[in-house]
Amino acid sequence: MYEKDNQYRNTGIFCFERARLFFVDKTNFIKEWWENRDVVTLITRPRRFGKTLNMSMLDCFFSNKYANRADLFEGLSIWQNETYRKLQGTYPVIFLSFAAVKAGNLEDAKTQIKQEIARLYEENRYLLEGNVLSDNERKIYNSTTIQMDDTMAQNALKTLSVWMERYYGKKVIILLDEYDTPMQEAYVQGYWDEFTSFVRSLFNASFKTNPYLERAIMTGITRVSKESIFSDLNNLQVITTTSDLYADCFGFTETEVFQALDEFGMGDKKDEIKKWYDGFTFGEHRDIYNPWSITNYLDKRKIYPYWASTSSNGLVSRLIRTSSADVKEKMEDLLNGQEIVVNFDEQIVYNQLDHNVNAIWSLLLASGYLKVKQVDYRGITREPWYTLDITNVETLSMFKSMFQDWFQNQDTNYGYFIKALIDGDLEAMNYYMNKVALATFSYFDVGSENGSDPEPERFYHGFVLGLIAERSGFYMIRSNRESGFGRYDIMMIPQERERYPAIIIEFKVCSRMKKETLEEAVRSALDQIAEKNYDAELLSQGISAERIRHYGFAFEGKKVLIGQDGIKSCLLYTSDAADDMQ
């Protein structure tokens, strides 16, 4: 339910105790989860989909710390059931979150987890009262601080469970929110193997070999592979975005959204809201809206990509930029409003993301950027093939912003480069593209100086997605498609053929083995366009040869040279030369 006039209408509230005044009733989740009787449940949902609020709701419902807080649930669906009214506030609950575990190195990550565990021990110091703990156990309790060793930390939740069960005479419920936040950081920062070894032992002690555990829930965005951190947990029930269980318990249904719009006097905005914020699918349940954007819209009454703008998307951006040609081609199809059909494993092995070409689809689906339209199980092994689409206008805007950000910072002058490309101003193209290279291409992007990167052209080719985002209203952008006797790198087919030229672009990375120069690489690119007859697709569409431009792009680290057919020479504007022209 919604209350229009209350002091807690801040859309950033994640505490059930406060959010009760501005709340869509999801308390049926309590009943569903409890009656499924799974010992350990892992639920994955995109960010800002109410995971933390639902975990706080479970804490308020089950924890004996809220034994006298029936007011939190009166009037909600769960309170209509007498069995659950009697269950409220009757269990010891351990509630912790890894949301803040974002460290640049292994030791800091472990310290941040130890800090969260130490906080739990501080909150439960009443266990030291009376005769619940022996003298030795008191010493262990008081030693459970941020300075504890790894082994003590890995066993700390199990140890706390022992004492809480002894104190209350009931097994404990453990709630772990944002379990995978440190996993992503460990992968990005390069300490994945060591960190997962630490976490695996922590999870094993807490959830597998813990006889004092009643139930447990973990939430996160991704389903990290069982082999990585859950290898010892055979009692784990995994609920992903393709599962039917709890499908309407996270996020807002269309009925809930439309009811809220009516209550706020904005019933005439339903079509626009549906176009922007609808589209998430959980299992067979369609028309799920993300709560963050809806609550912000109700508060500010303005269409804006609220959800899409709350994350840097750094990992996704990096994976797309360095992905295979096939992935880039499918991304173009998605951005052009088409569906794609791909096969992948929903489990994510972070340390294989750079090697498994299909892992990006699993990450995009789990993150909410893509939605499942259909799943087909093929062959004797029943492998799943997913039909995917971009979720809605808001997520489309996120992709476009991501691609533009690759080039459009204050130093790159990317917009000027696009204008020069369309106008055929070769000198300006070289100047601005080298400005782009200087400000945008990193050492990681372009490969090491010794040439150890086997496919450096992956990054250079990646800016085609920037072109899509920038000029998709005027051009149909295609890449790595067959035409003539080969596959071109980029083709730009104008929507208004009398106004804009058609463009074919071929990329070449200078061969260090052959000691190839930029000029030689440009010539090779232009020769390939002619020899492979890449014009064939454009000519078949009625575009005359005079309206087709050929560009060869040559790259050597951060140096770029662009050449065009019919122009015998072109100046080389390296990053140093570009600076000299300012």
# chains A, B, ... in the order shown; residues from 1 in each chain; ligands from 1

call {"tool": "closest_atom_pairs", "arguments": {"of": "stretch 177-213 of chain A", "to": "stretch 114-126 of chain A", "cutoff": "12 Å", "atoms": "only C-alpha atoms", "output": "Markdown table"}}
result
| residue | atom | partner | partner_atom | distance |
| --- | --- | --- | --- | --- |
| A:Asp177 | CA | A:Glu116 | CA | 11.8 |
| A:Phe198 | CA | A:Lys114 | CA | 11.6 |
| A:Val199 | CA | A:Lys114 | CA | 11.5 |
| A:Leu202 | CA | A:Lys114 | CA | 11.0 |

call {"tool": "write_last_selection", "arguments": {"atoms": "all heavy atoms", "output": "PDB file, in the first residue's frame"}}
result
ATOM      1  N   ASP A 177      22.560 -10.687   2.971  1.00  0.00           N
ATOM      2  CA  ASP A 177      22.176  -9.846   1.845  1.00  0.00           C
ATOM      3  C   ASP A 177      23.413  -9.468   1.027  1.00  0.00           C
ATOM      4  O   ASP A 177      24.498  -9.275   1.575  1.00  0.00           O
ATOM      5  CB  ASP A 177      21.496  -8.582   2.376  1.00  0.00           C
ATOM      6  CG  ASP A 177      20.780  -7.797   1.289  1.00  0.00           C
ATOM      7  OD1 ASP A 177      20.308  -8.419   0.326  1.00  0.00           O
ATOM      8  OD2 ASP A 177      20.696  -6.565   1.413  1.00  0.00           O
ATOM      9  N   PHE A 198      38.527 -18.258   0.826  1.00  0.00           N
ATOM     10  CA  PHE A 198      38.131 -17.757   2.147  1.00  0.00           C
ATOM     11  C   PHE A 198      36.615 -17.844   2.329  1.00  0.00           C
ATOM     12  O   PHE A 198      36.120 -18.335   3.348  1.00  0.00           O
ATOM     13  CB  PHE A 198      38.607 -16.304   2.297  1.00  0.00           C
ATOM     14  CG  PHE A 198      38.106 -15.609   3.534  1.00  0.00           C
ATOM     15  CD1 PHE A 198      38.710 -15.815   4.756  1.00  0.00           C
ATOM     16  CD2 PHE A 198      37.015 -14.756   3.468  1.00  0.00           C
ATOM     17  CE1 PHE A 198      38.251 -15.168   5.900  1.00  0.00           C
ATOM     18  CE2 PHE A 198      36.539 -14.113   4.601  1.00  0.00           C
ATOM     19  CZ  PHE A 198      37.160 -14.327   5.821  1.00  0.00           C
ATOM     20  N   VAL A 199      35.869 -17.399   1.326  1.00  0.00           N
ATOM     21  CA  VAL A 199      34.407 -17.367   1.425  1.00  0.00           C
ATOM     22  C   VAL A 199      33.823 -18.780   1.415  1.00  0.00           C
ATOM     23  O   VAL A 199      32.837 -19.052   2.104  1.00  0.00           O
ATOM     24  CB  VAL A 199      33.809 -16.517   0.285  1.00  0.00           C
ATOM     25  CG1 VAL A 199      32.304 -16.644   0.240  1.00  0.00           C
ATOM     26  CG2 VAL A 199      34.193 -15.055   0.459  1.00  0.00           C
ATOM     27  N   LEU A 202      33.867 -20.025   4.846  1.00  0.00           N
ATOM     28  CA  LEU A 202      32.882 -19.292   5.650  1.00  0.00           C
ATOM     29  C   LEU A 202      31.484 -19.834   5.399  1.00  0.00           C
ATOM     30  O   LEU A 202      30.720 -20.096   6.349  1.00  0.00           O
ATOM     31  CB  LEU A 202      32.949 -17.804   5.306  1.00  0.00           C
ATOM     32  CG  LEU A 202      31.852 -16.902   5.894  1.00  0.00           C
ATOM     33  CD1 LEU A 202      31.941 -16.879   7.412  1.00  0.00           C
ATOM     34  CD2 LEU A 202      31.946 -15.492   5.329  1.00  0.00           C
TER      35      LEU A 202
END

call {"tool": "closest_atom_pairs", "arguments": {"of": "stretch 35-61 of chain A", "to": "stretch 215-220 of chain A", "cutoff": "6 Å", "atoms": "only C-alpha atoms", "output": "CSV"}}
result
residue,atom,partner,partner_atom,distance
A:Val39,CA,A:Arg215,CA,4.7
A:Val40,CA,A:Ala216,CA,4.7
A:Thr41,CA,A:Ile217,CA,4.7
A:Leu42,CA,A:Met218,CA,4.7
A:Ile43,CA,A:Thr219,CA,4.9
A:Thr44,CA,A:Gly220,CA,4.9

call {"tool": "select_by_dssp", "arguments": {"residues": "stretch 223-430 of chain A", "states": "strand (DSSP E or B)", "output": "number ranges by chain"}}
result
A: 223-224, 236-239, 252-253, 280-282, 285-289, 340-343, 347-348, 370-378, 383-390

call {"tool": "select_by_dssp", "arguments": {"residues": "stretch 156-281 of chain A", "states": "alpha helix (DSSP H)", "output": "PyMOL selection string"}}
result
chain A and resi 156-168+181-189+192-203+226-229+254-263+270-277

call {"tool": "atom_distance", "arguments": {"atom1": "atom CA of A:Gly265", "atom2": "atom CA of A:Gly279"}}
result
23.1 Å

call {"tool": "atom_distance", "arguments": {"atom1": "atom CA of A:Gln374", "atom2": "atom CA of A:Ile229"}}
result
29.5 Å

call {"tool": "closest_residue", "arguments": {"among": "A:Thr144, A:Gln495, A:Val560, A:Ala536", "to": "A:Val436", "atoms": "only C-alpha atoms"}}
result
A:Val560

call {"tool": "residues_around", "arguments": {"residues": "stretch 391-395 of chain A", "least_positions_apart": "2", "cutoff": "6 Å", "atoms": "only C-alpha atoms", "output": "ChimeraX atom specification"}}
result
/A:276,279,305,369-371,397-398

call {"tool": "write_last_selection", "arguments": {"atoms": "C-alpha atoms", "output": "PDB file, in the first residue's frame"}}
result
ATOM      1  CA  TRP A 276       9.824   3.031 -19.846  1.00  0.00           C
ATOM      2  CA  GLY A 279       9.484  -5.502 -19.139  1.00  0.00           C
ATOM      3  CA  PRO A 305      16.267   6.544 -16.126  1.00  0.00           C
ATOM      4  CA  TYR A 369      19.516  -5.360 -18.693  1.00  0.00           C
ATOM      5  CA  LEU A 370      18.049  -8.128 -20.845  1.00  0.00           C
ATOM      6  CA  LYS A 371      14.810 -10.068 -20.434  1.00  0.00           C
ATOM      7  CA  SER A 397      19.061   4.425 -22.506  1.00  0.00           C
ATOM      8  CA  MET A 398      21.585   2.813 -20.146  1.00  0.00           C
TER       9      MET A 398
END

call {"tool": "atom_distance", "arguments": {"atom1": "atom CA of A:Met429", "atom2": "atom CA of A:Ser511"}}
result
22.8 Å

call {"tool": "closest_residue", "arguments": {"among": "A:Tyr386, A:Arg47, A:Tyr416, A:Lys559", "to": "A:Asn313", "atoms": "only C-alpha atoms"}}
result
A:Arg47

call {"tool": "residues_around", "arguments": {"residues": "A:Leu518", "least_positions_apart": "2", "cutoff": "12 Å", "atoms": "only C-alpha atoms", "output": "ChimeraX atom specification"}}
result
/A:507-512,514-516,520-525,552-563,570-574

call {"tool": "residues_around", "arguments": {"residues": "A:Glu482", "least_positions_apart": "5", "cutoff": "12 Å", "atoms": "only C-alpha atoms", "output": "list in words"}}
result
Glu329, Arg487, Tyr488, Asp489, Ile490, Met491, Ile529, Lys532, Asn533, Tyr534, Asp535, Ala536, Glu537 and Leu538 of chain A

call {"tool": "write_last_selection", "arguments": {"atoms": "N, CA and C atoms", "output": "mmCIF file, in the first residue's frame"}}
result
data_model
loop_
_atom_site.group_PDB
_atom_site.id
_atom_site.type_symbol
_atom_site.label_atom_id
_atom_site.label_comp_id
_atom_site.auth_asym_id
_atom_site.auth_seq_id
_atom_site.Cartn_x
_atom_site.Cartn_y
_atom_site.Cartn_z
ATOM 1 N N GLU A 329 27.975 -8.217 -32.723
ATOM 2 C CA GLU A 329 26.911 -8.296 -33.723
ATOM 3 C C GLU A 329 25.555 -8.471 -33.056
ATOM 4 N N ARG A 487 33.614 -10.514 -44.956
ATOM 5 C CA ARG A 487 32.854 -9.882 -43.871
ATOM 6 C C ARG A 487 33.494 -8.549 -43.544
ATOM 7 N N TYR A 488 32.757 -7.471 -43.781
ATOM 8 C CA TYR A 488 33.274 -6.143 -43.481
ATOM 9 C C TYR A 488 33.275 -5.895 -41.972
ATOM 10 N N ASP A 489 34.013 -4.874 -41.558
ATOM 11 C CA ASP A 489 34.029 -4.516 -40.144
ATOM 12 C C ASP A 489 32.808 -3.674 -39.781
ATOM 13 N N ILE A 490 32.600 -2.571 -40.480
ATOM 14 C CA ILE A 490 31.457 -1.696 -40.189
ATOM 15 C C ILE A 490 30.834 -1.226 -41.490
ATOM 16 N N MET A 491 29.525 -1.224 -41.525
ATOM 17 C CA MET A 491 28.798 -0.617 -42.636
ATOM 18 C C MET A 491 27.739 0.304 -42.059
ATOM 19 N N ILE A 529 38.690 -3.746 -48.720
ATOM 20 C CA ILE A 529 37.320 -3.328 -49.040
ATOM 21 C C ILE A 529 37.046 -3.516 -50.523
ATOM 22 N N LYS A 532 37.409 -7.510 -51.648
ATOM 23 C CA LYS A 532 36.322 -8.366 -51.154
ATOM 24 C C LYS A 532 34.948 -7.882 -51.633
ATOM 25 N N ASN A 533 34.941 -6.771 -52.361
ATOM 26 C CA ASN A 533 33.696 -6.240 -52.925
ATOM 27 C C ASN A 533 32.639 -6.008 -51.842
ATOM 28 N N TYR A 534 33.026 -5.326 -50.773
ATOM 29 C CA TYR A 534 32.093 -5.060 -49.686
ATOM 30 C C TYR A 534 30.947 -4.141 -50.115
ATOM 31 N N ASP A 535 31.124 -3.445 -51.253
ATOM 32 C CA ASP A 535 30.050 -2.563 -51.741
ATOM 33 C C ASP A 535 28.810 -3.336 -52.163
ATOM 34 N N ALA A 536 28.929 -4.646 -52.341
ATOM 35 C CA ALA A 536 27.852 -5.431 -52.949
ATOM 36 C C ALA A 536 26.524 -5.251 -52.232
ATOM 37 N N GLU A 537 26.532 -5.273 -50.905
ATOM 38 C CA GLU A 537 25.281 -5.144 -50.150
ATOM 39 C C GLU A 537 24.630 -3.791 -50.391
ATOM 40 N N LEU A 538 25.452 -2.732 -50.433
ATOM 41 C CA LEU A 538 24.912 -1.385 -50.641
ATOM 42 C C LEU A 538 24.394 -1.223 -52.067
#

call {"tool": "residues_around", "arguments": {"residues": "stretch 68-81 of chain A", "least_positions_apart": "4", "cutoff": "6 Å", "atoms": "only C-alpha atoms", "output": "CSV table (one decimal) with N, CA and C atoms, in the first residue's frame"}}
result
chain,number,residue,atom,x,y,z
A,27,THR,N,4.4,-9.2,1.9
A,27,THR,CA,4.5,-10.1,3.0
A,27,THR,C,4.1,-11.6,2.7
A,28,ASN,N,3.5,-11.8,1.6
A,28,ASN,CA,3.2,-13.2,1.3
A,28,ASN,C,4.4,-14.0,1.0
A,85,ARG,N,0.7,-15.2,12.7
A,85,ARG,CA,0.7,-14.2,13.8
A,85,ARG,C,1.4,-14.8,15.0

call {"tool": "closest_residue", "arguments": {"among": "A:Asn351, A:Thr52, A:Ser143, A:Thr242", "to": "A:Tyr179", "atoms": "only C-alpha atoms"}}
result
A:Thr52

call {"tool": "residues_around", "arguments": {"residues": "A:Thr83", "least_positions_apart": "5", "cutoff": "12 Å", "atoms": "only C-alpha atoms", "output": "NGL selection string"}}
result
:A and (31 or 34-35 or 78 or 88)

call {"tool": "closest_residue", "arguments": {"among": "A:Ala156, A:Ala359, A:Trp385, A:Arg378", "to": "A:Asn142", "atoms": "only C-alpha atoms"}}
result
A:Ala156

call {"tool": "closest_residue", "arguments": {"among": "A:Ile543, A:Gln237, A:Trp163, A:Leu176", "to": "A:Trp33", "atoms": "only C-alpha atoms"}}
result
A:Gln237
